[in-house]
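Colleague: Compact mmCIF, C-alpha atoms, file work.txt:
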```txt
# COMPACT_ATOMS: atom_id res chain seq x y z
CA MET H 679 53.78 58.37 -28.75
CA LEU H 680 54.12 54.91 -27.24
CA ILE H 681 50.61 55.14 -25.86
CA TYR H 682 49.25 56.29 -29.22
CA SER H 683 51.10 53.45 -31.01
CA GLY H 684 49.80 50.95 -28.49
CA MET H 685 46.26 52.20 -28.92
CA LYS H 686 46.61 52.03 -32.68
CA ARG H 687 47.93 48.46 -32.57
CA LEU H 688 45.13 47.43 -30.20
CA THR H 689 42.46 48.97 -32.40
CA THR H 690 43.96 47.29 -35.49
CA THR H 691 43.98 43.95 -33.71
CA LEU H 692 40.35 44.30 -32.67
CA VAL H 693 39.24 45.24 -36.17
CA LEU H 694 41.15 42.30 -37.63
CA ALA H 695 39.44 40.03 -35.10
CA ALA H 696 36.09 41.39 -36.24
CA VAL H 697 36.97 40.71 -39.88
CA VAL H 698 37.94 37.15 -39.00
CA SER H 699 34.67 36.66 -37.17
CA ILE H 700 32.78 37.91 -40.23
CA SER H 701 34.70 35.50 -42.45
CA SER H 702 33.95 32.64 -40.07
CA ALA H 703 30.27 33.51 -40.00
CA CYS H 704 30.10 33.64 -43.77
CA GLY H 705 31.96 30.35 -43.88
CA ALA H 706 29.05 28.78 -42.06
CA ASN H 707 27.18 28.98 -45.34
CA THR H 708 29.37 26.24 -46.79
CA ASN H 709 28.78 22.53 -46.79
CA THR H 710 30.93 19.87 -45.14
CA ASN H 711 33.12 19.62 -48.24
CA GLY H 712 34.13 23.26 -47.90
CA GLN H 713 32.11 24.29 -50.95
CA ALA H 714 29.63 27.14 -50.93
CA ALA H 715 26.09 25.99 -50.22
CA LYS H 716 23.88 26.08 -53.30
CA PRO H 717 21.28 28.86 -52.98
CA ILE H 718 17.65 27.73 -53.02
CA ASP H 719 15.86 28.42 -56.28
CA PRO H 720 13.03 30.93 -55.66
CA ASP H 721 10.86 28.91 -58.02
CA GLN H 722 11.28 25.86 -55.78
CA VAL H 723 10.39 27.95 -52.73
CA GLN H 724 7.15 28.98 -54.45
CA ARG H 725 6.38 25.37 -55.30
CA ILE H 726 6.83 24.31 -51.67
CA GLU H 727 4.65 27.17 -50.46
CA PHE H 728 1.99 26.04 -52.95
CA LEU H 729 2.38 22.49 -51.64
CA ASN H 730 1.86 23.76 -48.11
CA GLN H 731 -1.30 25.60 -49.18
CA ILE H 732 -2.75 22.45 -50.75
CA ALA H 733 -1.99 20.50 -47.56
CA ASP H 734 -3.74 23.18 -45.53
CA ASP H 735 -6.83 22.94 -47.75
CA MET H 736 -6.76 19.15 -47.46
CA TYR H 737 -6.56 19.37 -43.68
CA LYS H 738 -9.54 21.74 -43.44
CA GLN H 739 -11.62 19.61 -45.81
CA THR H 740 -10.86 16.46 -43.86
CA MET H 741 -11.87 18.10 -40.59
CA ASP H 742 -15.10 19.30 -42.25
CA GLY H 743 -15.87 15.76 -43.46
CA GLN H 744 -15.30 16.58 -47.14
CA VAL H 745 -13.48 13.33 -47.85
CA THR H 746 -13.79 13.38 -51.66
CA GLU H 747 -12.42 16.93 -51.88
CA ALA H 748 -9.63 16.07 -49.45
CA ARG H 749 -8.74 13.01 -51.54
CA ASN H 750 -8.42 15.22 -54.62
CA LYS H 751 -6.08 17.54 -52.73
CA LEU H 752 -4.01 14.52 -51.72
CA MET H 753 -3.59 13.58 -55.38
CA GLN H 754 -2.51 17.16 -56.11
CA ILE H 755 0.13 16.91 -53.38
CA SER H 756 1.36 13.63 -54.81
CA ASP H 757 1.62 15.19 -58.28
CA GLN H 758 3.59 18.18 -56.98
CA ILE H 759 6.34 16.20 -55.21
CA PRO H 760 8.27 15.13 -58.38
CA LYS H 761 8.26 18.75 -59.57
CA ILE H 762 10.15 20.01 -56.52
CA HIS H 763 13.91 19.88 -55.94
CA PHE H 764 14.41 19.49 -52.18
CA GLU H 765 18.17 20.02 -52.20
CA GLY H 766 19.06 22.59 -49.55
CA ILE H 767 15.55 22.44 -48.12
CA THR H 768 15.59 19.09 -46.33
CA SER H 769 17.64 15.91 -46.13
CA VAL H 770 17.07 12.63 -47.94
CA GLU H 771 15.56 11.25 -44.73
CA GLY H 772 13.20 14.22 -44.56
CA LEU H 773 12.08 13.76 -48.17
CA ASN H 774 11.55 10.02 -47.63
CA ALA H 775 9.47 10.77 -44.53
CA LEU H 776 7.29 13.19 -46.51
CA THR H 777 6.70 10.76 -49.39
CA GLU H 778 6.00 7.92 -46.96
CA SER H 779 3.38 10.00 -45.15
CA ILE H 780 1.72 10.70 -48.50
CA THR H 781 1.76 6.99 -49.38
CA GLN H 782 0.19 6.10 -46.04
CA ALA H 783 -2.47 8.78 -46.53
CA LYS H 784 -3.38 7.30 -49.92
CA ARG H 785 -4.05 3.94 -48.28
CA VAL H 786 -6.33 5.61 -45.74
CA TYR H 787 -8.26 7.78 -48.21
CA ASN H 788 -8.60 5.04 -50.82
CA ALA H 789 -9.81 2.40 -48.35
CA VAL H 790 -13.23 0.85 -48.95
CA ALA H 791 -14.36 2.09 -45.54
CA PHE H 792 -12.84 5.46 -44.76
CA SER H 793 -11.85 5.93 -41.11
CA PRO H 794 -12.27 9.59 -40.05
CA GLU H 795 -9.82 9.12 -37.17
CA GLU H 796 -7.13 7.58 -39.40
CA GLY H 797 -7.79 10.27 -41.99
CA GLN H 798 -7.26 13.05 -39.46
CA ILE H 799 -4.00 11.50 -38.29
CA ALA H 800 -2.78 11.00 -41.87
CA VAL H 801 -3.57 14.56 -42.95
CA ALA H 802 -2.08 16.00 -39.76
CA LYS H 803 1.24 14.32 -40.60
CA ILE H 804 1.25 15.83 -44.07
CA ARG H 805 0.12 19.26 -42.90
CA LEU H 806 2.85 19.49 -40.25
CA ALA H 807 5.46 18.13 -42.67
CA THR H 808 4.77 20.70 -45.40
CA ASP H 809 4.71 23.45 -42.78
CA ALA H 810 8.13 22.27 -41.56
CA LEU H 811 9.44 22.73 -45.10
CA THR H 812 8.23 26.32 -45.29
CA HIS H 813 8.89 27.45 -41.70
CA LYS H 814 12.39 26.46 -40.65
CA ASN H 815 12.58 28.48 -37.45
CA GLN H 816 9.07 28.17 -36.02
CA PRO H 817 7.31 25.12 -37.50
CA MET H 818 3.88 24.21 -36.13
CA TRP H 819 5.02 20.84 -34.81
CA LEU H 820 6.85 22.63 -31.99
CA GLN H 821 3.42 23.23 -30.46
CA TYR H 822 3.25 19.51 -29.67
CA TYR H 823 5.86 19.89 -26.94
CA LYS H 824 3.35 20.46 -24.13
CA VAL H 825 1.16 17.60 -25.35
CA ILE H 826 4.05 15.15 -25.47
CA GLN H 827 5.46 16.44 -22.19
CA ASN H 828 2.10 15.80 -20.54
CA ASP H 829 2.01 12.28 -22.03
CA THR H 830 5.48 11.61 -20.62
CA ASN H 831 4.55 12.89 -17.16
CA VAL H 832 1.43 10.73 -16.99
CA LEU H 833 3.38 7.70 -18.18
CA ASN H 834 6.05 8.34 -15.55
CA GLN H 835 3.39 8.47 -12.83
CA ASP H 836 1.96 5.12 -13.98
CA ILE H 837 5.40 3.56 -13.91
CA LYS H 838 6.15 4.79 -10.39
CA ALA H 839 2.74 3.51 -9.21
CA ASP H 840 3.46 0.14 -10.90
CA LYS H 841 0.28 0.40 -13.00
CA GLN H 842 1.31 -1.64 -16.02
CA GLN H 843 -1.96 -1.61 -17.98
CA GLU H 844 -2.41 2.14 -17.55
CA ALA H 845 1.22 2.68 -18.49
CA LEU H 846 0.79 0.67 -21.68
CA ALA H 847 -2.33 2.65 -22.63
CA ASN H 848 -0.66 6.00 -22.02
CA PHE H 849 2.47 4.88 -23.86
CA GLY H 850 0.20 4.24 -26.84
CA LYS H 851 -1.00 7.86 -26.69
CA LEU H 852 2.56 9.12 -26.43
CA SER H 853 3.65 6.99 -29.39
CA GLN H 854 0.74 8.22 -31.50
CA HIS H 855 1.51 11.88 -30.83
CA ILE H 856 5.19 11.35 -31.68
CA ALA H 857 4.17 9.47 -34.84
CA ILE H 858 2.16 12.50 -36.00
CA ILE H 859 5.22 14.79 -35.84
CA HIS H 860 7.74 12.11 -36.86
CA PRO H 861 7.94 13.15 -40.55
CA SER H 862 8.35 16.76 -39.44
CA LEU H 863 11.17 15.77 -37.08
CA LEU H 864 13.07 14.14 -39.94
CA ILE H 865 12.51 17.25 -42.08
CA SER H 866 13.62 19.73 -39.42
CA ARG H 867 16.17 17.82 -37.35
CA ASP H 868 19.21 15.62 -37.79
CA ALA H 869 18.25 12.03 -38.59
CA ALA H 870 20.64 10.67 -35.94
CA SER H 871 18.76 12.54 -33.19
CA VAL H 872 15.44 11.15 -34.41
CA GLU H 873 16.91 7.64 -34.47
CA LYS H 874 17.84 8.04 -30.79
CA LEU H 875 14.21 8.88 -30.05
CA ASP H 876 12.99 5.85 -32.02
CA SER H 877 15.41 3.51 -30.24
CA LEU H 878 14.35 4.82 -26.85
CA LEU H 879 10.67 4.28 -27.66
CA VAL H 880 11.44 0.66 -28.55
CA PHE H 881 13.31 0.30 -25.25
CA LEU H 882 10.35 1.67 -23.30
CA ARG H 883 7.85 -0.53 -25.13
CA ASN H 884 9.86 -3.68 -24.47
CA ASN H 885 10.22 -2.91 -20.76
CA LEU H 886 6.56 -1.96 -20.40
CA ASN H 887 5.58 -5.34 -21.82
CA SER H 888 7.93 -7.27 -19.55
CA LYS H 889 6.51 -9.20 -16.62
CA PRO H 890 7.11 -7.94 -14.04
CA MET H 891 7.50 -4.40 -15.35
CA SER H 892 11.07 -3.12 -14.94
CA THR H 893 10.36 0.07 -12.99
CA ARG H 894 13.96 1.20 -12.48
CA GLN H 895 14.92 0.85 -16.15
CA LEU H 896 11.71 2.55 -17.25
CA GLU H 897 12.29 5.53 -14.98
CA SER H 898 15.79 5.87 -16.40
CA GLY H 899 14.32 5.61 -19.91
CA ILE H 900 11.79 8.36 -19.20
CA GLU H 901 14.56 10.62 -17.94
CA ASN H 902 16.54 10.06 -21.14
CA LEU H 903 13.40 10.59 -23.19
CA ASN H 904 12.89 14.02 -21.62
CA HIS H 905 16.47 14.99 -22.51
CA ILE H 906 16.05 13.89 -26.13
CA LEU H 907 12.72 15.70 -26.46
CA ASP H 908 14.23 18.88 -25.03
CA ASP H 909 16.97 18.73 -27.64
CA LEU H 910 14.57 18.05 -30.52
CA PHE H 911 12.24 20.84 -29.43
CA LEU H 912 15.21 23.14 -28.73
CA LYS H 913 14.26 23.56 -25.10
CA ASN H 914 17.93 23.23 -24.20
CA LYS H 915 19.31 26.73 -23.49
CA ASP H 916 22.57 26.05 -25.32
CA ALA H 917 20.67 24.87 -28.39
CA ILE H 918 18.39 27.91 -28.37
CA ALA H 919 21.37 30.25 -28.23
CA PHE H 920 22.48 29.09 -31.68
CA VAL H 921 19.11 29.41 -33.41
CA PRO H 922 19.23 32.26 -35.95
CA ILE H 923 16.44 34.80 -35.60
CA THR H 924 16.68 35.87 -39.21
CA ASP H 925 15.72 34.37 -42.53
CA PRO H 926 17.98 31.31 -43.11
CA ARG H 927 17.86 32.02 -46.84
CA GLN H 928 20.01 35.13 -46.27
CA PRO H 929 22.83 33.97 -43.96
CA ILE H 930 25.48 36.17 -45.58
CA ILE H 931 23.44 39.34 -45.10
CA TRP H 932 22.85 38.37 -41.46
CA SER H 933 26.57 37.68 -40.93
CA LEU H 934 27.67 40.92 -42.58
CA GLY H 935 25.12 42.89 -40.55
CA ILE H 936 26.54 41.58 -37.28
CA GLY H 937 30.06 42.09 -38.61
CA LEU H 938 29.39 45.74 -39.42
CA ILE H 939 28.05 46.28 -35.91
CA ILE H 940 31.19 44.73 -34.44
CA VAL H 941 33.47 46.86 -36.63
CA SER H 942 31.51 50.04 -35.78
CA VAL H 943 31.70 49.37 -32.06
CA LEU H 944 35.40 48.54 -32.15
CA SER H 945 36.21 51.56 -34.32
CA PHE H 946 34.36 53.86 -31.94
CA ALA H 947 36.14 52.28 -28.99
CA GLY H 948 39.47 52.75 -30.72
CA TRP H 949 38.69 56.41 -31.43
CA ARG H 950 37.71 57.00 -27.80
CA MET H 951 40.94 55.35 -26.65
CA TYR H 952 42.92 57.51 -29.08
CA GLN H 953 41.20 60.68 -27.87
CA SER H 954 41.90 59.71 -24.27
CA GLY H 955 45.52 59.01 -25.13
CA ARG H 956 46.00 62.56 -26.42
CA HIS H 957 45.57 63.86 -22.91
CA PHE H 958 48.46 61.78 -21.52
CA VAL H 959 51.98 63.15 -21.29
CA PRO H 960 54.47 60.83 -23.06
CA VAL H 961 56.56 59.58 -20.12
CA LYS H 962 59.67 58.67 -22.03
CA GLN H 963 59.77 61.97 -23.88
CA ALA H 964 59.47 63.86 -20.61
CA LYS H 965 62.45 62.01 -19.16
CA GLU H 966 64.56 62.71 -22.22
CA SER H 967 63.82 66.43 -21.93
CA GLU H 968 64.96 66.40 -18.30
CA HIS H 969 68.44 65.21 -19.34
CA ARG H 970 68.88 68.01 -21.83
```
Once you've parsed the file, please lay out its structure as structure tokens.

Modeller:
Amino acid sequence: MLIYSGMKRLTTTLVLAAVVSISSACGANTNTNGQAAKPIDPDQVQRIEFLNQIADDMYKQTMDGQVTEARNKLMQISDQIPKIHFEGITSVEGLNALTESITQAKRVYNAVAFSPEEGQIAVAKIRLATDALTHKNQPMWLQYYKVIQNDTNVLNQDIKADKQQEALANFGKLSQHIAIIHPSLLISRDAASVEKLDSLLVFLRNNLNSKPMSTRQLESGIENLNHILDDLFLKNKDAIAFVPITDPRQPIIWSLGIGLIIVSVLSFAGWRMYQSGRHFVPVKQAKESEHR
């Protein structure tokens, strides 16, 4: 009976641990004040998806040289922004980045002489930003990792070879590519992490412009840049391990699903242990019978 009681207590403990883990997982759906996170209004989700579709149309029209049509789409995007509540979708910094990219695009598209290159950059910022709002787990801006990584490698080679002019030119390319995804970074990532990236870019620019070029500090800066980029693009293994593979709009369902699996496994394990225990001879009881 002692073995059975022990098995029973162990199974109960494991099940309780599973329940606690479920509660903790569900608790992750609360904000920093301990209050339940406000669910996203489906109507707002539809509005953002519509916004993303307009941005996609604007991007295609710009690439096809249909500037007037693209400008009309830009005005549509601008009109849609006040109609959307971004609470729970992105941070204040992310919203400010989106509106700023729209304001910059207006300057480009309303200029007396339209620049196709500037127009493509402006619409790319908006297109990636609206996509980041609608695709939390796999936004399109993640595809820029290889491009930026290549820029960083080329820049690092210029620094090691002490080629200052080439390094400055390639730093310009790197900065431009980061600028294109910058609004998306603020939408998808913590603002503090993006600020670290911005500060490091300023550090690199200042040292690249110094005479003579500070090679040692620049190499250290590039190394830190690679670490920050890996974190932002979730190339760090520890960061990837915590990325949910399910719809973030249904965190409770995801948590309960995992919890049920845990409880099922532990219950089965407890049953197996109980069944195994039935085949043991109670040691204490056997000794008591010997003294009779």

Colleague: So, counting all atoms listed in the file, which residue among H:Leu907, H:Asn834, H:Ala802, H:Asn788 is closest to Asp735 in chain H?

Modeller: H:Ala802

Colleague: Determine, counting only C-alpha atoms, every residue of protein, DNA or RNA that lies within 12 Å of (10.9, 24.2, -42.2) in the file coordinates, then give the result as a VMD selection string.

Modeller: chain H and resid 723 726 to 727 730 764 766 to 769 772 805 to 820 861 to 867 925 to 927

Colleague: Which one of H:Leu875, H:Val786, H:Met736, H:Val770 sits closest to Asn902 in chain H if you count all atoms listed in the file?

Modeller: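 Among the listed residues, the smallest separation from Asn902 in chain H belongs to H:Leu875.
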
Colleague: How far is it from CA of Arg883 in chain H to CA of Leu903 in chain H, in Å with one decimal?

Modeller: 12.6 Å

Colleague: With only C-alpha atoms as the counted atoms, please give the residues lying no more than 10 Å from Asn848 in chain H, apart from itself and same-chain residues fewer than 5 positions off, as a ChimeraX atom specification.

Modeller: /H:829-834,836,842-843,853-854

Colleague: Report the closest atom pair, with its distance in Å rounded to one decimal, for each residue of range 785-897 of chain H that has an atom no farther than 12 Å from range 748-755 of chain H; count all atoms listed in the file, sort by chain and then rising residue number, and write it as JSON lines.

Modeller:
```
{"residue": "H:Arg785", "atom": "CA", "partner": "H:Arg749", "partner_atom": "CA", "distance": 10.7}
{"residue": "H:Val786", "atom": "CA", "partner": "H:Arg749", "partner_atom": "CA", "distance": 9.7}
{"residue": "H:Tyr787", "atom": "CA", "partner": "H:Arg749", "partner_atom": "CA", "distance": 6.2}
{"residue": "H:Asn788", "atom": "CA", "partner": "H:Arg749", "partner_atom": "CA", "distance": 8.0}
{"residue": "H:Ala789", "atom": "CA", "partner": "H:Arg749", "partner_atom": "CA", "distance": 11.1}
{"residue": "H:Phe792", "atom": "CA", "partner": "H:Arg749", "partner_atom": "CA", "distance": 10.9}
{"residue": "H:Pro794", "atom": "CA", "partner": "H:Ala748", "partner_atom": "CA", "distance": 11.7}
{"residue": "H:Gly797", "atom": "CA", "partner": "H:Ala748", "partner_atom": "CA", "distance": 9.6}
{"residue": "H:Gln798", "atom": "CA", "partner": "H:Ala748", "partner_atom": "CA", "distance": 10.7}
{"residue": "H:Ala800", "atom": "CA", "partner": "H:Leu752", "partner_atom": "CA", "distance": 10.5}
{"residue": "H:Val801", "atom": "CA", "partner": "H:Leu752", "partner_atom": "CA", "distance": 8.8}
{"residue": "H:Ile804", "atom": "CA", "partner": "H:Leu752", "partner_atom": "CA", "distance": 9.4}
{"residue": "H:Arg805", "atom": "CA", "partner": "H:Ile755", "partner_atom": "CA", "distance": 10.7}
{"residue": "H:Thr808", "atom": "CA", "partner": "H:Ile755", "partner_atom": "CA", "distance": 10.0}
```

Colleague: Between CA of Leu846 in chain H and CA of Glu873 in chain H, what is the distance in Å, rounded to a tenth?

Modeller: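 Result for CA of Leu846 in chain H versus CA of Glu873 in chain H: 21.7 Å, one decimal.
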
Colleague: Go ahead and compute the interatomic distance for CA of Ile826 in chain H and CA of Pro890 in chain H, in Å to one decimal.

Modeller: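 One can read the CA of Ile826 in chain H to CA of Pro890 in chain H distance as 25.9 Å.
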
Colleague: Measuring between only C-alpha atoms, which one of H:Ile858, H:Pro720, H:Ser779, H:Ile732 shows the shortest distance to Val825 in chain H?

Modeller: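 Comparing H:Ile858, H:Pro720, H:Ser779, H:Ile732 against Val825 in chain H, the winner is H:Ile858.
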
Colleague: Can you list, as an NGL selection string, every protein, DNA or RNA residue that comes within 12 Å of Tyr823 in chain H when you count only C-alpha atoms, leaving out same-chain residues fewer than 6 positions away?

Modeller: :H and (817 or 829-830 or 852 or 855-856 or 859 or 904 or 906-913)

Colleague: Can you work out which one of H:Ala791, H:Ile762, H:Ile780, H:Ile837 has the shortest atom-to-atom distance to Gln722 in chain H, counting all atoms listed in the file?

Modeller: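 Residue with the minimum atom-to-atom distance to Gln722 in chain H: H:Ile762.
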
Colleague: Let me make sure I understand: among H:Ala869, H:Leu776, H:Val790, H:Ile759, which one has the smallest atom-to-atom distance to Arg725 in chain H if we use only C-alpha atoms?

Modeller: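 Among the listed residues, the smallest separation from Arg725 in chain H belongs to H:Ile759.
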
Colleague: Using only C-alpha atoms, which of the listed residues (H:Ser793, H:Gln895, H:His763, H:Gln758) sits closest to Gln731 in chain H?

Modeller: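 Looking only at the distances to Gln731 in chain H, the closest residue turns out to be H:Gln758.
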